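Printed here is model.cif (mmCIF, C-alpha atoms and all ligand atoms):
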data_protein
loop_
_atom_site.label_atom_id
_atom_site.label_comp_id
_atom_site.auth_asym_id
_atom_site.auth_seq_id
_atom_site.Cartn_x
_atom_site.Cartn_y
_atom_site.Cartn_z
CA MET A 1 26.49 17.29 -15.53
CA THR A 2 23.95 14.43 -15.35
CA MET A 3 21.13 14.39 -12.81
CA ASN A 4 22.84 11.62 -10.90
CA ARG A 5 25.97 13.63 -10.28
CA LYS A 6 23.92 16.54 -9.01
CA ASN A 7 24.31 17.33 -5.37
CA MET A 8 21.45 15.75 -3.44
CA ARG A 9 20.41 19.20 -2.24
CA ASP A 10 19.88 20.30 -5.81
CA GLN A 11 17.61 17.39 -6.66
CA ARG A 12 13.88 17.85 -6.62
CA LEU A 13 11.37 15.04 -6.34
CA GLY A 14 7.80 15.46 -7.56
CA ILE A 15 5.17 13.39 -5.72
CA LEU A 16 1.62 12.83 -6.96
CA GLY A 17 -0.74 12.60 -3.98
CA ALA A 18 -0.76 14.40 -0.63
CA GLY A 19 -2.25 11.72 1.63
CA GLN A 20 -0.59 10.09 4.64
CA LEU A 21 1.88 8.13 2.51
CA GLY A 22 2.98 11.36 0.83
CA LYS A 23 3.28 12.98 4.24
CA MET A 24 5.62 10.30 5.56
CA LEU A 25 7.64 10.39 2.31
CA CYS A 26 8.09 14.17 2.70
CA GLN A 27 9.05 13.83 6.36
CA ARG A 28 11.81 11.38 5.43
CA ALA A 29 12.95 13.43 2.42
CA SER A 30 13.27 16.49 4.62
CA GLN A 31 15.74 14.64 6.87
CA TRP A 32 18.05 14.49 3.82
CA ASN A 33 17.07 17.97 2.67
CA LEU A 34 15.79 16.39 -0.54
CA LYS A 35 13.32 18.90 -1.96
CA THR A 36 9.75 17.69 -2.52
CA ILE A 37 7.10 19.14 -4.85
CA LEU A 38 3.63 17.76 -4.20
CA LEU A 39 0.61 17.83 -6.45
CA ASP A 40 -2.94 17.20 -5.19
CA LYS A 41 -6.37 18.82 -5.10
CA SER A 42 -6.17 20.64 -1.77
CA SER A 43 -3.50 22.27 0.32
CA GLU A 44 -5.55 21.05 3.31
CA PHE A 45 -4.48 17.42 2.66
CA PRO A 46 -2.14 15.68 5.15
CA ALA A 47 1.14 16.01 3.23
CA ALA A 48 0.68 19.52 1.82
CA GLY A 49 2.32 21.35 4.71
CA MET A 50 5.32 18.97 4.69
CA ALA A 51 6.38 19.63 1.10
CA ASP A 52 8.85 22.26 -0.06
CA GLU A 53 6.39 23.24 -2.74
CA PHE A 54 2.70 22.44 -3.22
CA ILE A 55 0.92 22.55 -6.58
CA THR A 56 -2.87 22.48 -6.60
CA GLY A 57 -4.07 20.04 -9.25
CA ASP A 58 -5.94 16.81 -9.94
CA PHE A 59 -3.49 13.92 -10.32
CA THR A 60 -6.02 12.03 -12.47
CA ASP A 61 -5.85 14.83 -15.05
CA ALA A 62 -2.97 14.70 -17.58
CA GLN A 63 -2.73 18.50 -17.96
CA ASP A 64 -2.56 18.99 -14.20
CA VAL A 65 0.12 16.30 -13.78
CA ALA A 66 2.13 18.13 -16.46
CA LYS A 67 2.34 21.10 -14.08
CA LEU A 68 5.33 19.27 -12.55
CA ILE A 69 7.34 19.77 -15.76
CA GLY A 70 10.29 22.07 -15.11
CA ARG A 71 9.77 21.81 -11.34
CA CYS A 72 11.50 18.46 -10.59
CA ASP A 73 14.15 16.01 -11.85
CA ARG A 74 12.34 12.85 -10.74
CA ALA A 75 8.74 12.01 -9.97
CA THR A 76 6.88 9.30 -8.08
CA ILE A 77 3.43 8.48 -6.70
CA GLU A 78 1.78 7.72 -3.38
CA ILE A 79 -1.42 6.40 -5.01
CA GLU A 80 -1.96 4.31 -8.17
CA LYS A 81 -4.92 6.08 -9.74
CA VAL A 82 -2.87 8.91 -11.24
CA SER A 83 -3.08 9.85 -14.93
CA SER A 84 -0.64 7.62 -16.86
CA GLU A 85 -0.93 10.03 -19.79
CA GLY A 86 0.26 12.78 -17.44
CA LEU A 87 3.18 10.61 -16.29
CA ARG A 88 4.13 10.02 -19.95
CA LYS A 89 4.22 13.77 -20.48
CA LEU A 90 6.61 14.06 -17.50
CA ARG A 91 8.82 11.29 -18.88
CA ALA A 92 8.84 12.85 -22.36
CA SER A 93 10.06 16.11 -20.78
CA GLY A 94 13.10 14.32 -19.34
CA ILE A 95 11.83 13.69 -15.80
CA SER A 96 12.68 10.21 -14.48
CA VAL A 97 9.34 8.67 -13.45
CA GLN A 98 9.15 5.74 -11.02
CA PRO A 99 7.37 3.30 -10.83
CA ASN A 100 7.68 2.56 -14.52
CA ILE A 101 4.47 3.60 -16.27
CA GLU A 102 3.91 0.41 -18.24
CA SER A 103 3.95 -1.70 -15.05
CA LEU A 104 1.75 0.85 -13.28
CA ASP A 105 -0.82 0.38 -16.07
CA VAL A 106 -0.74 -3.37 -15.49
CA ILE A 107 -1.12 -2.92 -11.72
CA LYS A 108 -4.06 -0.50 -12.04
CA ASP A 109 -6.14 -3.24 -13.69
CA LYS A 110 -6.52 -6.36 -11.52
CA GLY A 111 -7.24 -8.40 -14.67
CA LEU A 112 -3.99 -7.36 -16.37
CA GLN A 113 -2.16 -8.02 -13.08
CA LYS A 114 -3.41 -11.62 -13.06
CA ASN A 115 -2.42 -12.07 -16.74
CA PHE A 116 1.05 -10.78 -15.84
CA TYR A 117 1.46 -13.35 -13.01
CA ARG A 118 0.27 -16.14 -15.31
CA ASP A 119 2.55 -15.15 -18.21
CA ALA A 120 5.62 -14.59 -16.00
CA GLY A 121 5.05 -17.78 -13.98
CA PHE A 122 4.23 -16.27 -10.56
CA PRO A 123 1.86 -18.25 -8.31
CA SER A 124 -1.61 -16.71 -7.97
CA SER A 125 -5.15 -18.06 -7.61
CA ALA A 126 -7.10 -19.47 -10.62
CA TYR A 127 -9.13 -16.78 -12.38
CA ARG A 128 -11.09 -15.66 -15.38
CA LEU A 129 -12.00 -12.26 -16.81
CA ILE A 130 -15.65 -11.45 -17.50
CA SER A 131 -17.10 -8.22 -18.87
CA THR A 132 -20.72 -8.05 -17.75
CA GLU A 133 -23.15 -9.08 -15.03
CA ALA A 134 -25.30 -10.83 -17.67
CA GLU A 135 -22.40 -13.10 -18.66
CA ILE A 136 -21.80 -14.03 -15.01
CA LYS A 137 -25.47 -14.95 -14.54
CA GLU A 138 -25.48 -17.00 -17.73
CA LEU A 139 -22.31 -18.90 -16.82
CA VAL A 140 -23.68 -19.67 -13.34
CA SER A 141 -27.02 -20.85 -14.73
CA GLN A 142 -25.22 -23.09 -17.25
CA GLY A 143 -23.15 -24.58 -14.42
CA LYS A 144 -19.93 -23.24 -16.01
CA LEU A 145 -19.12 -20.96 -13.07
CA PRO A 146 -19.46 -22.82 -9.78
CA LEU A 147 -20.37 -20.97 -6.58
CA PRO A 148 -18.79 -19.70 -4.38
CA PHE A 149 -16.33 -17.39 -6.14
CA VAL A 150 -14.60 -14.07 -5.47
CA LEU A 151 -15.71 -11.20 -7.67
CA LYS A 152 -13.51 -8.14 -8.08
CA SER A 153 -13.98 -4.93 -10.06
CA ARG A 154 -10.96 -4.82 -12.37
CA THR A 155 -10.31 -1.15 -11.63
CA GLY A 156 -10.91 1.37 -8.88
CA GLY A 157 -11.16 -0.91 -5.81
CA TYR A 158 -9.29 -0.29 -2.55
CA ASP A 159 -9.44 -1.44 1.09
CA GLY A 160 -11.79 -4.29 0.18
CA LYS A 161 -14.23 -1.99 -1.68
CA GLY A 162 -14.66 -3.59 -5.08
CA VAL A 163 -14.39 -7.17 -3.72
CA GLN A 164 -17.40 -9.43 -3.22
CA ILE A 165 -17.55 -13.06 -2.20
CA VAL A 166 -20.49 -14.52 -4.09
CA LYS A 167 -21.87 -17.58 -2.31
CA THR A 168 -25.49 -17.91 -3.42
CA VAL A 169 -27.54 -17.40 -6.59
CA ASP A 170 -29.54 -14.65 -4.80
CA GLU A 171 -26.41 -12.55 -4.47
CA LEU A 172 -26.14 -12.39 -8.26
CA ASP A 173 -28.77 -9.63 -8.16
CA GLN A 174 -26.52 -7.28 -6.17
CA LEU A 175 -23.15 -7.39 -7.87
CA ILE A 176 -20.45 -4.74 -7.71
CA SER A 177 -19.63 -2.94 -10.94
CA GLY A 178 -17.69 -4.54 -13.80
CA PRO A 179 -15.70 -5.35 -15.86
CA TYR A 180 -14.74 -8.22 -13.59
CA LEU A 181 -11.96 -10.43 -12.39
CA ILE A 182 -13.33 -13.67 -10.97
CA GLU A 183 -11.08 -15.71 -8.69
CA GLU A 184 -11.49 -19.04 -6.99
CA LEU A 185 -12.16 -18.68 -3.27
CA VAL A 186 -8.81 -19.48 -1.68
CA ASP A 187 -8.69 -21.38 1.61
CA ILE A 188 -6.49 -18.79 3.34
CA ALA A 189 -4.43 -19.83 6.38
CA LYS A 190 -2.68 -16.45 6.70
CA GLU A 191 -2.55 -13.12 4.87
CA LEU A 192 1.03 -11.94 4.50
CA ALA A 193 2.85 -9.03 2.88
CA VAL A 194 6.40 -8.40 1.74
CA ILE A 195 7.67 -5.04 0.51
CA ALA A 196 10.48 -5.19 -2.03
CA VAL A 197 12.59 -2.28 -3.25
CA ALA A 198 14.84 -1.79 -6.28
CA ASN A 199 16.85 0.93 -7.99
CA GLU A 200 18.12 1.53 -11.53
CA ARG A 201 21.52 0.07 -10.63
CA GLY A 202 19.82 -3.34 -10.34
CA GLU A 203 20.02 -3.58 -6.54
CA VAL A 204 17.02 -5.38 -5.02
CA ARG A 205 16.14 -5.79 -1.31
CA SER A 206 13.09 -6.79 0.69
CA PHE A 207 11.66 -6.08 4.12
CA PRO A 208 10.94 -8.81 6.67
CA MET A 209 7.47 -10.25 6.08
CA VAL A 210 4.41 -9.01 7.99
CA GLU A 211 1.30 -10.94 8.94
CA MET A 212 -2.20 -9.48 9.11
CA LEU A 213 -4.13 -10.56 12.18
CA PHE A 214 -7.92 -10.66 11.77
CA ASP A 215 -10.56 -9.83 14.32
CA PRO A 216 -12.55 -13.12 14.25
CA LYS A 217 -15.83 -11.32 15.12
CA ALA A 218 -15.66 -8.46 12.62
CA ASN A 219 -13.57 -10.44 10.07
CA LEU A 220 -11.53 -7.28 9.52
CA VAL A 221 -7.77 -6.85 9.63
CA ASP A 222 -7.17 -5.95 13.24
CA TYR A 223 -3.47 -5.27 13.23
CA LEU A 224 -0.23 -6.31 11.53
CA ILE A 225 2.72 -8.00 13.20
CA CYS A 226 6.37 -8.36 12.29
CA PRO A 227 7.98 -10.86 12.52
CA SER A 228 5.20 -13.06 11.18
CA ASP A 229 4.40 -16.39 12.75
CA VAL A 230 5.57 -18.57 9.82
CA SER A 231 8.63 -20.75 9.25
CA PRO A 232 11.86 -19.16 7.96
CA ALA A 233 11.51 -21.33 4.82
CA ILE A 234 8.12 -19.78 3.98
CA GLU A 235 9.38 -16.28 4.74
CA ASN A 236 12.44 -16.76 2.51
CA HIS A 237 10.26 -18.09 -0.29
CA ALA A 238 7.87 -15.11 0.02
CA ARG A 239 10.73 -12.61 0.03
CA GLN A 240 12.30 -14.26 -3.03
CA LEU A 241 8.96 -14.07 -4.84
CA ALA A 242 8.61 -10.34 -4.04
CA GLU A 243 12.21 -9.65 -5.12
CA SER A 244 11.76 -11.59 -8.40
CA LEU A 245 8.48 -9.79 -9.07
CA ILE A 246 9.90 -6.28 -8.65
CA ALA A 247 12.76 -7.21 -11.00
CA GLU A 248 10.32 -8.72 -13.54
CA MET A 249 8.13 -5.58 -13.43
CA LYS A 250 11.21 -3.35 -13.76
CA ILE A 251 9.98 -1.11 -10.98
CA CYS A 252 12.26 1.21 -9.00
CA GLY A 253 11.20 2.30 -5.53
CA LEU A 254 8.88 0.05 -3.55
CA LEU A 255 6.66 -2.81 -4.64
CA SER A 256 4.35 -3.97 -1.84
CA VAL A 257 3.23 -7.54 -2.41
CA GLU A 258 0.15 -8.93 -0.62
CA MET A 259 0.08 -12.71 -0.45
CA PHE A 260 -2.02 -15.60 0.83
CA LEU A 261 -0.55 -18.62 2.60
CA THR A 262 -3.04 -21.37 1.76
CA SER A 263 -4.05 -24.16 4.12
CA ASP A 264 -1.89 -26.44 1.88
CA GLY A 265 1.18 -24.33 2.64
CA GLU A 266 1.32 -22.70 -0.79
CA ILE A 267 2.06 -19.00 -1.28
CA LEU A 268 -0.14 -17.14 -3.77
CA ILE A 269 0.31 -13.52 -4.81
CA ASN A 270 -2.93 -11.58 -4.28
CA GLU A 271 -2.09 -8.07 -5.46
CA VAL A 272 0.67 -5.48 -5.51
CA ALA A 273 1.11 -1.73 -5.04
CA PRO A 274 4.14 0.19 -6.45
CA ARG A 275 4.46 2.64 -3.55
CA PRO A 276 4.69 2.79 0.25
CA HIS A 277 1.99 0.64 1.85
CA ASN A 278 -0.09 0.30 4.97
CA SER A 279 1.79 -2.95 5.69
CA GLY A 280 5.06 -1.02 6.02
CA HIS A 281 4.19 1.75 8.49
CA HIS A 282 5.89 -0.09 11.37
CA THR A 283 9.24 0.04 9.52
CA ILE A 284 9.69 3.65 10.74
CA GLU A 285 10.24 2.47 14.32
CA ALA A 286 11.02 -1.23 13.86
CA CYS A 287 13.54 -1.48 10.98
CA ASN A 288 17.01 -0.08 10.40
CA HIS A 289 15.62 1.70 7.29
CA SER A 290 11.95 2.63 6.83
CA GLN A 291 9.83 1.92 3.74
CA TYR A 292 9.68 5.68 3.09
CA GLU A 293 13.45 6.01 3.15
CA MET A 294 13.82 2.97 0.88
CA HIS A 295 11.24 4.29 -1.61
CA LEU A 296 13.18 7.55 -1.86
CA ARG A 297 16.47 5.67 -2.31
CA GLY A 298 14.87 3.50 -5.03
CA VAL A 299 13.33 6.34 -7.05
CA MET A 300 16.41 8.57 -6.66
CA ASN A 301 18.67 5.67 -7.72
CA TRP A 302 20.68 5.82 -4.51
CA PRO A 303 22.31 2.77 -2.87
CA LEU A 304 20.05 0.26 -1.08
CA PRO A 305 21.46 -1.13 2.17
CA GLU A 306 20.34 -4.50 3.59
CA ILE A 307 17.12 -4.19 5.59
CA GLU A 308 16.74 -5.68 9.06
CA LEU A 309 14.04 -5.81 11.67
CA VAL A 310 15.60 -4.21 14.74
CA ARG A 311 12.71 -4.93 17.15
CA PRO A 312 9.41 -6.83 16.97
CA ALA A 313 6.45 -4.59 16.20
CA ALA A 314 2.72 -4.35 15.61
CA MET A 315 0.84 -1.69 13.64
CA LEU A 316 -2.75 -0.78 14.46
CA ASN A 317 -4.73 1.36 12.02
CA ILE A 318 -6.83 4.10 13.58
CA LEU A 319 -10.06 4.19 11.60
CA GLY A 320 -12.69 6.91 11.85
CA THR A 321 -15.76 5.96 13.89
CA GLY A 322 -19.25 7.41 14.32
CA GLU A 323 -20.48 10.17 12.07
CA ILE A 324 -18.88 11.99 9.13
CA GLY A 325 -17.64 15.30 10.52
CA LYS A 326 -14.78 17.44 11.70
CA THR A 327 -12.02 15.22 13.12
CA MET A 328 -12.02 14.79 16.88
CA ILE A 329 -9.30 12.80 18.68
CA GLN A 330 -9.83 11.22 22.10
CA GLY A 331 -7.50 9.23 24.32
CA TRP A 332 -4.30 10.94 23.19
CA GLN A 333 -2.97 11.88 26.67
CA ASP A 334 -3.73 8.41 28.00
CA LEU A 335 -1.77 6.72 25.21
CA MET A 336 1.21 9.05 25.66
CA THR A 337 1.92 7.46 29.06
CA GLU A 338 2.86 4.16 27.37
CA PRO A 339 6.52 3.52 26.47
CA ASN A 340 7.36 2.15 23.00
CA VAL A 341 3.97 3.16 21.63
CA TYR A 342 4.13 5.52 18.64
CA PRO A 343 0.90 7.18 17.50
CA HIS A 344 0.84 8.80 14.05
CA ILE A 345 -2.04 11.18 13.31
CA TYR A 346 -2.44 11.92 9.62
CA GLY A 347 -4.16 15.28 9.94
CA LYS A 348 -7.26 14.64 7.84
CA ASN A 349 -9.79 17.36 8.60
CA LEU A 350 -12.80 15.18 7.92
CA SER A 351 -13.38 11.93 9.79
CA LYS A 352 -15.51 9.26 8.10
CA PRO A 353 -16.38 5.79 9.39
CA TYR A 354 -13.57 3.35 8.47
CA ARG A 355 -11.41 6.11 6.94
CA LYS A 356 -7.72 5.66 7.81
CA MET A 357 -7.09 8.57 10.19
CA GLY A 358 -3.81 7.45 11.73
CA HIS A 359 -1.94 4.44 13.04
CA ILE A 360 -0.09 3.30 16.13
CA THR A 361 3.12 1.30 16.11
CA VAL A 362 3.92 -0.76 19.19
CA THR A 363 7.41 -2.19 19.65
CA GLY A 364 8.79 -4.56 22.28
CA THR A 365 11.29 -7.26 23.11
CA THR A 366 9.28 -10.26 21.91
CA ILE A 367 6.35 -10.53 19.50
CA GLU A 368 4.22 -12.12 22.27
CA GLU A 369 4.74 -9.05 24.46
CA VAL A 370 3.96 -6.75 21.51
CA LYS A 371 0.74 -8.65 20.77
CA GLN A 372 -0.41 -8.51 24.40
CA ARG A 373 0.24 -4.79 24.63
CA SER A 374 -1.46 -4.18 21.28
CA GLU A 375 -4.60 -5.92 22.56
CA ARG A 376 -4.55 -3.61 25.61
CA ILE A 377 -3.97 -0.48 23.54
CA LYS A 378 -6.55 -1.25 20.84
CA GLY A 379 -9.37 1.30 20.83
CA ARG A 380 -7.81 3.61 23.41
CA LEU A 381 -7.11 6.29 20.81
CA ARG A 382 -10.38 7.13 19.08
CA VAL A 383 -10.97 9.37 16.09
CA SER A 384 -14.52 10.35 15.28
CA GLY A 385 -16.45 13.04 13.42
CA ARG A 386 -18.00 16.03 15.17
CA THR A 387 -21.12 17.15 13.33
CA SER A 388 -22.08 20.22 15.38
P1 LIG A 401 -8.34 -4.56 -2.16
O1 LIG A 401 -7.57 -4.22 -3.40
O2 LIG A 401 -9.60 -3.78 -2.05
O3 LIG A 401 -7.49 -4.52 -0.91
P2 LIG A 401 -8.05 -7.45 -2.23
O4 LIG A 401 -7.89 -8.07 -3.57
O5 LIG A 401 -6.80 -7.32 -1.42
O6 LIG A 401 -8.82 -6.06 -2.36
O7 LIG A 401 -9.10 -8.29 -1.39
C1 LIG A 401 -9.53 -7.89 -0.11
C2 LIG A 401 -9.64 -9.09 0.81
O8 LIG A 401 -10.56 -10.06 0.27
C3 LIG A 401 -8.32 -9.86 0.98
O9 LIG A 401 -7.52 -9.27 1.96
C4 LIG A 401 -8.83 -11.23 1.37
O10 LIG A 401 -9.18 -11.27 2.75
C5 LIG A 401 -10.10 -11.38 0.54
N1 LIG A 401 -9.81 -12.07 -0.74
C6 LIG A 401 -9.38 -11.48 -1.88
N2 LIG A 401 -9.20 -12.40 -2.87
C7 LIG A 401 -9.54 -13.59 -2.34
C8 LIG A 401 -9.59 -14.94 -2.84
N3 LIG A 401 -9.28 -15.24 -4.11
N4 LIG A 401 -9.98 -15.94 -2.00
C9 LIG A 401 -10.33 -15.65 -0.72
N5 LIG A 401 -10.33 -14.42 -0.18
C10 LIG A 401 -9.94 -13.39 -0.97
#
Can I see the file as structure tokens?
Amino acid sequence: MTMNRKNMRDQRLGILGAGQLGKMLCQRASQWNLKTILLDKSSEFPAAGMADEFITGDFTDAQDVAKLIGRCDRATIEIEKVSSEGLRKLRASGISVQPNIESLDVIKDKGLQKNFYRDAGFPSSAYRLISTEAEIKELVSQGKLPLPFVLKSRTGGYDGKGVQIVKTVDELDQLISGPYLIEELVDIAKELAVIAVANERGEVRSFPMVEMLFDPKANLVDYLICPSDVSPAIENHARQLAESLIAEMKICGLLSVEMFLTSDGEILINEVAPRPHNSGHHTIEACNHSQYEMHLRGVMNWPLPEIELVRPAAMLNILGTGEIGKTMIQGWQDLMTEPNVYPHIYGKNLSKPYRKMGHITVTGTTIEEVKQRSERIKGRLRVSGRTS
């Protein structure tokens, strides 16, 4: 009997990473009684208690990743920086690994990602790859690299760490670490994201597009809204791009595609993640099928129904404030009086400034109403660190 004909109850899914994305994957898997085996460093992490089995191990270590061998039929990730060598060991043992490891290797390196878009004909900003700080300084001094530009560490960056906008010659003395991807500074009208999903049967779907709204004072993403405030033609184009890209990368499960809409009306792909994404949290309450459900369907090679937005929604991240310390939540009772407001607390024991500690989804009848209520709700639930 092949794996696919196995009863769903008999199938076991290995997941590398026990953060909030792993937690929400396990919650959804449990609804189907699909067994989950998690691997991460600590059984104190958010998802650990949700899994059917927890294996203590470092997902960046090939030997530790191999601990999943014999424990699951399929395996996936909730974070990119896992050991690809470990994933290859799983695949060699007969475990079906998704996303596909070769594409994951491309995605892990922002330079290889850009080469992929160029070679496959996907729109993305102009760029060049540079190894060292000294080369950057030399190119600038020779007038071959005009300021301003966007500097990115090719590997290891997340949540804007590893991205620097270099505007002046003085800033060349405080550069982030290389090797580098250098991009032209795009004149961004909107930041958008589309999550696509595919399975081994060749079915491909995408979620309605979301728009990131920025706090003009802090210049930080404030919250996400869906539907986005762009024309249907732009949304269709963005969804087609995301669907073509997931097919081109031969990825099963989710591919989250972050994009820029330029002031000239062009769509450029910024970067992708082959897993559930911050820009898809709202799908739990707002769509007919959530991103977590669709990731499971994709990696398990189960059918993919059409995805629809059932109600307009916003998603507000709850970031840690104040000191590093034991997590303390305030404003919970107050928020619970609001209808159609859905707080999610990840259960991280340690709060750090700007760490993602939870999120709130707000749904409503119109996007204007959702935006107004989100503005009112913002900041009412606070997570901070207690040091004493
Ligand atoms: P991360 O992987 O850390 O999320 P991103 O590549 O998404 O990093 O960049 C973080 C932010 O920096 C983007 O959301 C965008 O606001 C800005 N940014 C990135 N690339 C460019 C660019 N080429 N031009 C202008 N702004 C950019």
Taking only C-alpha atoms and all ligand atoms into account, which residues are within 7 Å of ligand LIG 401 (chain A), as a ChimeraX atom specification?
/A:125,150,157-163,183-188,191,270-271
Counting all atoms listed in the file, figure out which residue out of A:Leu16, A:Ile130, A:Ala29, A:Ile37 gets nearest to Leu87 of chain A.
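Once distances to Leu87 of chain A are computed over all atoms listed in the file, the minimum belongs to A:Leu16.
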Which residue of A:Ala313, A:Leu39, A:Val383, A:Val210 approaches Tyr346 of chain A most closely, using only C-alpha atoms:
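Looking only at the distances to Tyr346 of chain A, the closest residue turns out to be A:Val383.
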Considering all atoms listed in the file, can you say which of A:Gly14, A:Gly322, A:Pro274, A:Gly178 comes closest to Lys352 of chain A?
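Distance minimum relative to Lys352 of chain A lands on A:Gly322.
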Find the residue from A:Pro353, A:Gly70, A:Gly298, A:Pro148 that sits nearest to Leu255 of chain A; use all atoms listed in the file when measuring.
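Checking each candidate against Leu255 of chain A, we get A:Gly298 as the closest.
For His282 of chain A, the set of protein, DNA and RNA residues having any atom at most 9 Å away, when counting only C-alpha atoms and skipping those fewer than 3 positions along the same chain, is Leu224, Ile225, Cys226, Asn278, Ser279, Glu285, Ala286, Cys287, Ser290, Gln291, Ala313, Ala314, Met315, Ile360, Thr361, Val362 and Thr363 of chain A.
Atom to atom, atom CA of Tyr354 of chain A and atom CA of Glu323 of chain A stand 10.4 Å apart.
Minimum distance to Ser351 of chain A across A:Gly320, A:Gly19, A:Gly331, A:Gly379 (counting all atoms listed in the file) occurs at A:Gly320.
Here atom CA of Phe122 of chain A and atom CA of Pro208 of chain A stand 19.9 Å from one another.
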Which of these, A:Lys23, A:Arg71, A:Arg355, A:His237, has the shortest distance to Ala47 of chain A once you count only C-alpha atoms?
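Checking each of A:Lys23, A:Arg71, A:Arg355, A:His237 against Ala47 of chain A, counting only C-alpha atoms, the winner is A:Lys23.
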Protein, DNA and RNA residues within 12 Å of (-19.2, -10.1, -1.5), all atoms listed in the file, as a ChimeraX atom specification:
/A:148-153,160-168,170-177,182,185
Emit the selected residues as a compact mmCIF listing (two decimals), keeping the file's coordinate frame, including C-alpha atoms.
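Writing done, so here's selection_2.txt:
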# COMPACT_ATOMS: atom_id res chain seq x y z
CA PRO A 148 -18.79 -19.70 -4.38
CA PHE A 149 -16.33 -17.39 -6.14
CA VAL A 150 -14.60 -14.07 -5.47
CA LEU A 151 -15.71 -11.20 -7.67
CA LYS A 152 -13.51 -8.14 -8.08
CA SER A 153 -13.98 -4.93 -10.06
CA GLY A 160 -11.79 -4.29 0.18
CA LYS A 161 -14.23 -1.99 -1.68
CA GLY A 162 -14.66 -3.59 -5.08
CA VAL A 163 -14.39 -7.17 -3.72
CA GLN A 164 -17.40 -9.43 -3.22
CA ILE A 165 -17.55 -13.06 -2.20
CA VAL A 166 -20.49 -14.52 -4.09
CA LYS A 167 -21.87 -17.58 -2.31
CA THR A 168 -25.49 -17.91 -3.42
CA ASP A 170 -29.54 -14.65 -4.80
CA GLU A 171 -26.41 -12.55 -4.47
CA LEU A 172 -26.14 -12.39 -8.26
CA ASP A 173 -28.77 -9.63 -8.16
CA GLN A 174 -26.52 -7.28 -6.17
CA LEU A 175 -23.15 -7.39 -7.87
CA ILE A 176 -20.45 -4.74 -7.71
CA SER A 177 -19.63 -2.94 -10.94
CA ILE A 182 -13.33 -13.67 -10.97
CA LEU A 185 -12.16 -18.68 -3.27
Residues at most 6 Å from segment 48-57 of chain A, counting all atoms listed in the file, excluding those fewer than 3 positions away in the same chain, as a ChimeraX atom specification?
/A:18,26,35-41,43,45,64
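Rounded to one decimal, atom CA of Val370 of chain A and atom CA of Leu316 of chain A lie 11.4 Å from each other.
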So that I can check the surroundings of Ala66 of chain A, please list as a PyMOL selection string every protein, DNA and RNA residue that reaches within 8 Å of it, counting only C-alpha atoms and ignoring chain neighbours fewer than 5 positions away.
chain A and resi 86-87+89-90
Using all atoms listed in the file, find all polymer residues with an atom at most 12 Å away from the point (-0.5, -16.9, -0.7); report them as a PyMOL selection string.
chain A and resi 122-125+186-194+211+234-235+237-238+241-242+257-271
Please provide the set of residues having any atom within 7 Å of segment 247-253 of chain A, restricted to only C-alpha atoms, with same-chain residues fewer than 4 positions apart removed, written as a list in words.
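After dropping sequence-adjacent residues, the list is Gln98, Pro99, Asn100, Ser103, Val197, Ala198, Asn199, Glu200, Glu243, Met294, His295, Leu296, Gly298 and Val299 of chain A.
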Trp332 of chain A surroundings by all atoms listed in the file, 10 Å radius, close-in-sequence under 2 positions cut, as a list of chain:residue names:
A:Ile329, A:Gln330, A:Asp334, A:Leu335, A:Met336, A:Thr337, A:Pro343, A:Arg380, A:Leu381, A:Arg382, A:Val383
